[in-house]
Amino acid sequence: MGIKPNSENNSSTGGDIRIKSGREGLMGWLNPTRYGWERVSYWLQRLTGVGLLIYFIGHIYETSSLVNGINAWNSMLELTQTTGGHIFLLLVIGASTFHTVNGLRLIFTESGIGIGRPGRPDYPYDATSLNYKQKSGIWVALLLATIAMLYGGMVMFGDVN
Amino acid sequence: MWIRMSEETKKIKLKVYRTNYNKEESPHYDEFDVSVKRWTTVLDALLDAKSYSDSSLGIRYSCRMASCGSCGMKINGRPRLACYTKISELNDQTIVCDPLPNFPRIRDLVTDFTEFFAHHKKIEPYIQNERVPIDVVKNDDLVEFKQTPEDVDKYLQFSYCIKCGLCYSACPTVATDTKFPGPQALSQAYRYTADNRDTGEPSRFNIIDERHGIWRCHFAGSCSSVCPKGVDPALGIQLLKGHLIGITKNDKKIATLRSKEE
Ligand code: HEM
Ligand code: SF4
Ligand code: FES
């Protein structure tokens, strides 16, 4: 599909041999469990980032109801007092905690800090960039997100109010 | 004392993706029963099936020793070299072979590398040095760069790349963006940036610092987790990003020339 014959390139299939694109597309993106923790981090960072963006837009809409008077604002607030609203807020708490902590890790690693230095490769060729020092940042982010959600759940669903 | 090697033979099922677009054949899997020993590789098993069951099976290979980079395929869900993967290490009764993801399919397990190589060529993967005097270039004088072993260590691992495309097929950005150079090409851009014989950094930075360029990498690390040669493309790409935004310095001292007489 769409590969042009290229006379300069000896791998060209040219002529009338028909080929099909084998690109994974979105299906490849949907399963983050095949390639280790960094792939999970990549997947969650995007999921939480887009989730937070949607929440942020909704949040502006929600708070802007204040210009329609205190009653409009109060009825908006009631939405967050339902069980569904509580669960939604729990997800926001988890997403923002994970996204922030893992985002800090990414700021360092994607600037080349904390991912090791090149050296002589030796069997079994473990990649220095996938080291435990930076990988543990993902686990810390997951742990803190869990703690934040537990605490938020206790406040919203617990007896102590 | 004798060290006893296990000669035990096991039967496994080899499931191979088959397709031939020229014959309007719809994709399907063919199954082969193959006897394997502890050291049998997936490539050995495929060649066994090709020799004794179905000679039309399409596979590409050459060196059988993880050097030529032509036998890449998806084996039990991950991109691997067939010649470098032992059946015994997969711990499975059924071995599933698919063509390498993200590469156009030609027939059966054979994929097209035209676009992948084009990305590699585009980053100018050769030493550029404007300090070499023009008469040296013209006269083809025998000269060499002075480079210490420490200088070599800065890029050596990236030069071990065999262009097998495993990283390209594991990358989630390549999966959706045809213009993205991919981990192989980008890590080669780092290889020449780190090489102190090379002064081509400005030109290469121009090529990779664009809309579909290096910033589409989000450090999913999948390239480095599948690379069979320890290249660690993700490392090169993140170090390159650090240089591009000026957080880390590329403090190489350009190598000087030494003539034959020196
Ligand atoms: C202090 C808090 C935050 C930090 C440290 C942070 C950090 C980051 C970083 C480093 C990335 C790039 C990740 C990558 O290269 O793949 C990112 C992506 C993103 N962030 Fe944040 N972020 C924060 C808050 C937010 C908020 C409040 C929102 C939403 C309103 C948000 C939305 C996004 C989105 C949509 C992406 C793109 C995701 C992607 O392309 O994969 N972030 N964030
Ligand atoms: S970087 Fe590694 S996985 Fe990628 S083409 Fe080179 S050898 Fe293969
Ligand atoms: S046959 Fe050469 S790399 Fe596998």
# chains A, B, ... in the order shown; residues from 1 in each chain; ligands from 1

$ residues_near_ligand --ligand "ligand 3" --cutoff "7 Å" --atoms "only C-alpha atoms and all ligand atoms" --output "ChimeraX atom specification"
/B:61-72,81-84

$ closest_atom_pairs --of "chain A" --to "ligand 2" --cutoff "12 Å" --atoms "only C-alpha atoms and all ligand atoms" --output "JSON lines"
{"residue": "A:Pro121", "atom": "CA", "partner": "ligand 2", "partner_atom_place_in_ligand_line": "2 (Fe)", "distance": 11.8}
{"residue": "A:Tyr125", "atom": "CA", "partner": "ligand 2", "partner_atom_place_in_ligand_line": "2 (Fe)", "distance": 10.5}
{"residue": "A:Asp126", "atom": "CA", "partner": "ligand 2", "partner_atom_place_in_ligand_line": "2 (Fe)", "distance": 11.9}
{"residue": "A:Ala127", "atom": "CA", "partner": "ligand 2", "partner_atom_place_in_ligand_line": "2 (Fe)", "distance": 10.6}

$ write_last_selection --atoms "N, CA and C atoms" --output "mmCIF file, in the first residue's frame"
data_model
loop_
_atom_site.group_PDB
_atom_site.id
_atom_site.type_symbol
_atom_site.label_atom_id
_atom_site.label_comp_id
_atom_site.auth_asym_id
_atom_site.auth_seq_id
_atom_site.Cartn_x
_atom_site.Cartn_y
_atom_site.Cartn_z
ATOM 1 N N PRO A 121 28.303 -2.105 25.236
ATOM 2 C CA PRO A 121 27.215 -3.059 25.451
ATOM 3 C C PRO A 121 27.758 -4.460 25.727
ATOM 4 N N TYR A 125 22.728 -7.339 27.243
ATOM 5 C CA TYR A 125 22.348 -6.065 26.646
ATOM 6 C C TYR A 125 21.159 -5.380 27.312
ATOM 7 N N ASP A 126 21.138 -5.322 28.642
ATOM 8 C CA ASP A 126 20.058 -4.584 29.311
ATOM 9 C C ASP A 126 20.225 -3.094 29.028
ATOM 10 N N ALA A 127 19.128 -2.431 28.630
ATOM 11 C CA ALA A 127 19.207 -1.023 28.254
ATOM 12 C C ALA A 127 19.379 -0.146 29.497
#

$ residues_near_ligand --ligand "ligand 1" --cutoff "9 Å" --atoms "only C-alpha atoms and all ligand atoms" --output "ChimeraX atom specification"
/A:41-57,96-97,99-108,110 /B:215-220

$ interface_residues --of "chain B" --to "chain A" --cutoff "7 Å" --atoms "only C-alpha atoms" --output "PyMOL selection string"
chain B and resi 21-22+101-106+113-114+153-157+172+175-176+218-222+224-225+229-230+232+234-235+238-239+241-242+247

$ write_last_selection --atoms "N, CA, C and O atoms" --output "short mmCIF file (atom, residue, chain, number, x, y, z; two decimals), in the first residue's frame"
data_model
loop_
_atom_site.label_atom_id
_atom_site.label_comp_id
_atom_site.auth_asym_id
_atom_site.auth_seq_id
_atom_site.Cartn_x
_atom_site.Cartn_y
_atom_site.Cartn_z
N TYR B 21 -0.81 -11.40 -1.42
CA TYR B 21 -1.76 -10.46 -1.98
C TYR B 21 -1.92 -10.64 -3.49
O TYR B 21 -2.95 -10.30 -4.04
N ASN B 22 -0.88 -11.17 -4.14
CA ASN B 22 -0.98 -11.35 -5.59
C ASN B 22 -1.95 -12.45 -5.96
O ASN B 22 -2.51 -12.48 -7.05
N PRO B 101 5.32 -5.85 12.87
CA PRO B 101 4.33 -4.78 12.82
C PRO B 101 4.95 -3.46 12.34
O PRO B 101 6.15 -3.27 12.48
N ASN B 102 4.14 -2.58 11.80
CA ASN B 102 4.53 -1.25 11.32
C ASN B 102 5.34 -1.28 10.02
O ASN B 102 5.80 -0.24 9.56
N PHE B 103 5.54 -2.46 9.45
CA PHE B 103 6.20 -2.56 8.15
C PHE B 103 5.20 -3.08 7.12
O PHE B 103 4.39 -3.95 7.44
N PRO B 104 5.24 -2.54 5.88
CA PRO B 104 4.35 -3.06 4.84
C PRO B 104 4.64 -4.53 4.59
O PRO B 104 5.80 -4.96 4.63
N ARG B 105 3.58 -5.30 4.39
CA ARG B 105 3.73 -6.74 4.21
C ARG B 105 3.85 -7.12 2.74
O ARG B 105 3.06 -6.67 1.93
N ILE B 106 4.83 -7.94 2.42
CA ILE B 106 4.99 -8.39 1.04
C ILE B 106 4.33 -9.76 0.88
O ILE B 106 3.36 -9.93 0.17
N PHE B 113 11.27 -2.92 3.75
CA PHE B 113 12.05 -2.00 4.58
C PHE B 113 12.35 -0.67 3.88
O PHE B 113 13.13 0.14 4.40
N THR B 114 11.75 -0.42 2.70
CA THR B 114 12.07 0.78 1.92
C THR B 114 11.94 2.06 2.76
O THR B 114 12.86 2.86 2.83
N ASP B 153 33.90 5.20 23.07
CA ASP B 153 32.85 4.68 23.95
C ASP B 153 31.59 5.55 23.95
O ASP B 153 30.51 5.08 24.28
N LYS B 154 31.72 6.83 23.59
CA LYS B 154 30.56 7.73 23.63
C LYS B 154 29.52 7.38 22.57
O LYS B 154 28.36 7.76 22.69
N TYR B 155 29.94 6.71 21.50
CA TYR B 155 28.96 6.40 20.45
C TYR B 155 28.95 4.92 20.05
O TYR B 155 28.10 4.48 19.29
N LEU B 156 29.91 4.15 20.61
CA LEU B 156 30.08 2.77 20.16
C LEU B 156 28.78 1.96 20.17
O LEU B 156 28.43 1.32 19.19
N GLN B 157 28.03 2.03 21.28
CA GLN B 157 26.84 1.18 21.38
C GLN B 157 25.82 1.48 20.28
O GLN B 157 25.14 0.59 19.81
N PRO B 172 5.23 3.10 19.63
CA PRO B 172 3.82 3.50 19.51
C PRO B 172 3.62 4.74 18.65
O PRO B 172 2.52 4.96 18.14
N ALA B 175 3.61 3.62 15.01
CA ALA B 175 2.36 2.91 14.72
C ALA B 175 1.31 3.83 14.11
O ALA B 175 0.44 3.37 13.38
N THR B 176 1.40 5.14 14.39
CA THR B 176 0.36 6.04 13.88
C THR B 176 0.90 7.18 13.03
O THR B 176 0.13 7.97 12.52
N HIS B 218 7.91 10.11 23.19
CA HIS B 218 7.47 10.39 24.56
C HIS B 218 8.08 9.40 25.54
O HIS B 218 7.51 9.14 26.59
N PHE B 219 9.21 8.82 25.18
CA PHE B 219 9.94 7.90 26.04
C PHE B 219 9.06 6.75 26.53
O PHE B 219 8.95 6.50 27.73
N ALA B 220 8.41 6.05 25.58
CA ALA B 220 7.67 4.84 25.96
C ALA B 220 8.64 3.68 26.14
O ALA B 220 8.25 2.61 26.63
N GLY B 221 9.89 3.85 25.72
CA GLY B 221 10.96 2.88 26.01
C GLY B 221 10.84 1.53 25.32
O GLY B 221 11.69 0.67 25.51
N SER B 222 9.81 1.35 24.49
CA SER B 222 9.59 0.03 23.87
C SER B 222 10.72 -0.36 22.93
O SER B 222 11.08 -1.53 22.83
N SER B 224 13.93 0.30 23.22
CA SER B 224 15.07 -0.23 23.97
C SER B 224 14.78 -1.59 24.58
O SER B 224 15.69 -2.38 24.80
N SER B 225 13.51 -1.86 24.85
CA SER B 225 13.20 -3.15 25.46
C SER B 225 13.22 -4.28 24.43
O SER B 225 13.35 -5.44 24.80
N LYS B 229 20.62 -5.73 20.16
CA LYS B 229 22.05 -5.45 20.13
C LYS B 229 22.51 -4.49 21.22
O LYS B 229 23.65 -4.04 21.21
N GLY B 230 21.63 -4.14 22.15
CA GLY B 230 22.04 -3.23 23.23
C GLY B 230 22.26 -1.81 22.78
O GLY B 230 22.97 -1.05 23.41
N ASP B 232 20.05 0.57 22.74
CA ASP B 232 19.29 1.46 23.62
C ASP B 232 18.92 2.77 22.90
O ASP B 232 19.37 3.85 23.29
N ALA B 234 16.31 4.56 22.93
CA ALA B 234 15.64 5.56 23.77
C ALA B 234 16.66 6.43 24.50
O ALA B 234 16.45 7.63 24.68
N LEU B 235 17.79 5.85 24.90
CA LEU B 235 18.83 6.62 25.57
C LEU B 235 19.37 7.70 24.64
O LEU B 235 19.42 8.88 25.00
N GLN B 238 16.74 10.55 24.10
CA GLN B 238 16.55 11.49 25.22
C GLN B 238 17.78 12.38 25.39
O GLN B 238 17.66 13.57 25.69
N LEU B 239 18.99 11.82 25.19
CA LEU B 239 20.20 12.63 25.29
C LEU B 239 20.21 13.71 24.20
O LEU B 239 20.61 14.85 24.44
N LYS B 241 17.51 15.05 22.89
CA LYS B 241 16.53 16.07 23.29
C LYS B 241 17.17 17.04 24.28
O LYS B 241 16.96 18.26 24.20
N GLY B 242 17.95 16.49 25.23
CA GLY B 242 18.64 17.33 26.21
C GLY B 242 19.56 18.33 25.53
O GLY B 242 19.60 19.50 25.91
N ILE B 247 19.71 21.70 27.86
CA ILE B 247 19.84 21.33 29.28
C ILE B 247 21.15 20.61 29.50
O ILE B 247 21.84 20.81 30.50
#

$ closest_residue --among "B:Leu14, B:Ile75, B:Cys167, B:Cys161" --to "Ser53 of chain B" --atoms "only C-alpha atoms"
B:Leu14

$ residues_around --residues "Arg258 of chain B" --least-positions-apart "4" --cutoff "8 Å" --atoms "only C-alpha atoms" --output "ChimeraX atom specification"
/B:143-146,262

$ closest_residue --among "B:Glu8, B:Asp141, B:Asp209, B:Asp251" --to "Ser88 of chain B" --atoms "only C-alpha atoms"
B:Glu8

$ residues_around --residues "Gly94 of chain A" --least-positions-apart "5" --cutoff "10 Å" --atoms "only C-alpha atoms" --output "number ranges by chain"
A: 48, 89, 99, 141-150, 152

$ atom_distance --atom1 "atom CA of Thr85 of chain B" --atom2 "atom CA of Thr40 of chain B"
8.6 Å

$ select_by_dssp --residues "segment 13-234 of chain B" --states "helix (DSSP H, G or I)" --output "VMD selection string"
chain B and resid 21 to 23 42 to 52 82 to 84 87 to 90 114 to 122 134 to 139 149 to 153 156 to 159 166 to 170 182 to 194 201 to 208 214 to 216 222 to 226 233 to 234

$ residues_around --residues "Met73 of chain B" --least-positions-apart "3" --cutoff "6 Å" --atoms "only C-alpha atoms" --output "ChimeraX atom specification"
/B:79-80,99-100

$ write_last_selection --atoms "N, CA and C atoms" --output "compact mmCIF listing (two decimals), in the first residue's frame"
# COMPACT_ATOMS: atom_id res chain seq x y z
N PRO B 79 8.25 -8.14 18.93
CA PRO B 79 9.22 -8.16 17.82
C PRO B 79 10.54 -8.78 18.31
N ARG B 80 11.02 -9.79 17.59
CA ARG B 80 12.28 -10.45 17.94
C ARG B 80 12.97 -10.90 16.67
N PRO B 99 4.27 -11.25 10.73
CA PRO B 99 5.21 -10.30 10.13
C PRO B 99 5.46 -9.13 11.09
N LEU B 100 6.60 -8.48 10.96
CA LEU B 100 6.97 -7.37 11.82
C LEU B 100 5.93 -6.25 11.73

$ atom_distance --atom1 "atom CA of Ala45 of chain B" --atom2 "atom CA of Arg78 of chain B"
17.5 Å

$ atom_distance --atom1 "atom CA of Lys135 of chain A" --atom2 "atom CA of Ala95 of chain A"
18.5 Å

$ residues_around --residues "Phe180 of chain B" --least-positions-apart "3" --cutoff "7 Å" --atoms "only C-alpha atoms" --output "PyMOL selection string"
chain B and resi 174+177+212-213

$ write_last_selection --atoms "C-alpha atoms" --output "PDB file, in the first residue's frame"
ATOM      1  CA  VAL B 174       5.624   4.891  14.445  1.00  0.00           C
ATOM      2  CA  ASP B 177       2.782   8.478  12.180  1.00  0.00           C
ATOM      3  CA  HIS B 212       6.955  15.043  12.844  1.00  0.00           C
ATOM      4  CA  GLY B 213      10.449  14.836  14.286  1.00  0.00           C
TER       5      GLY B 213
END
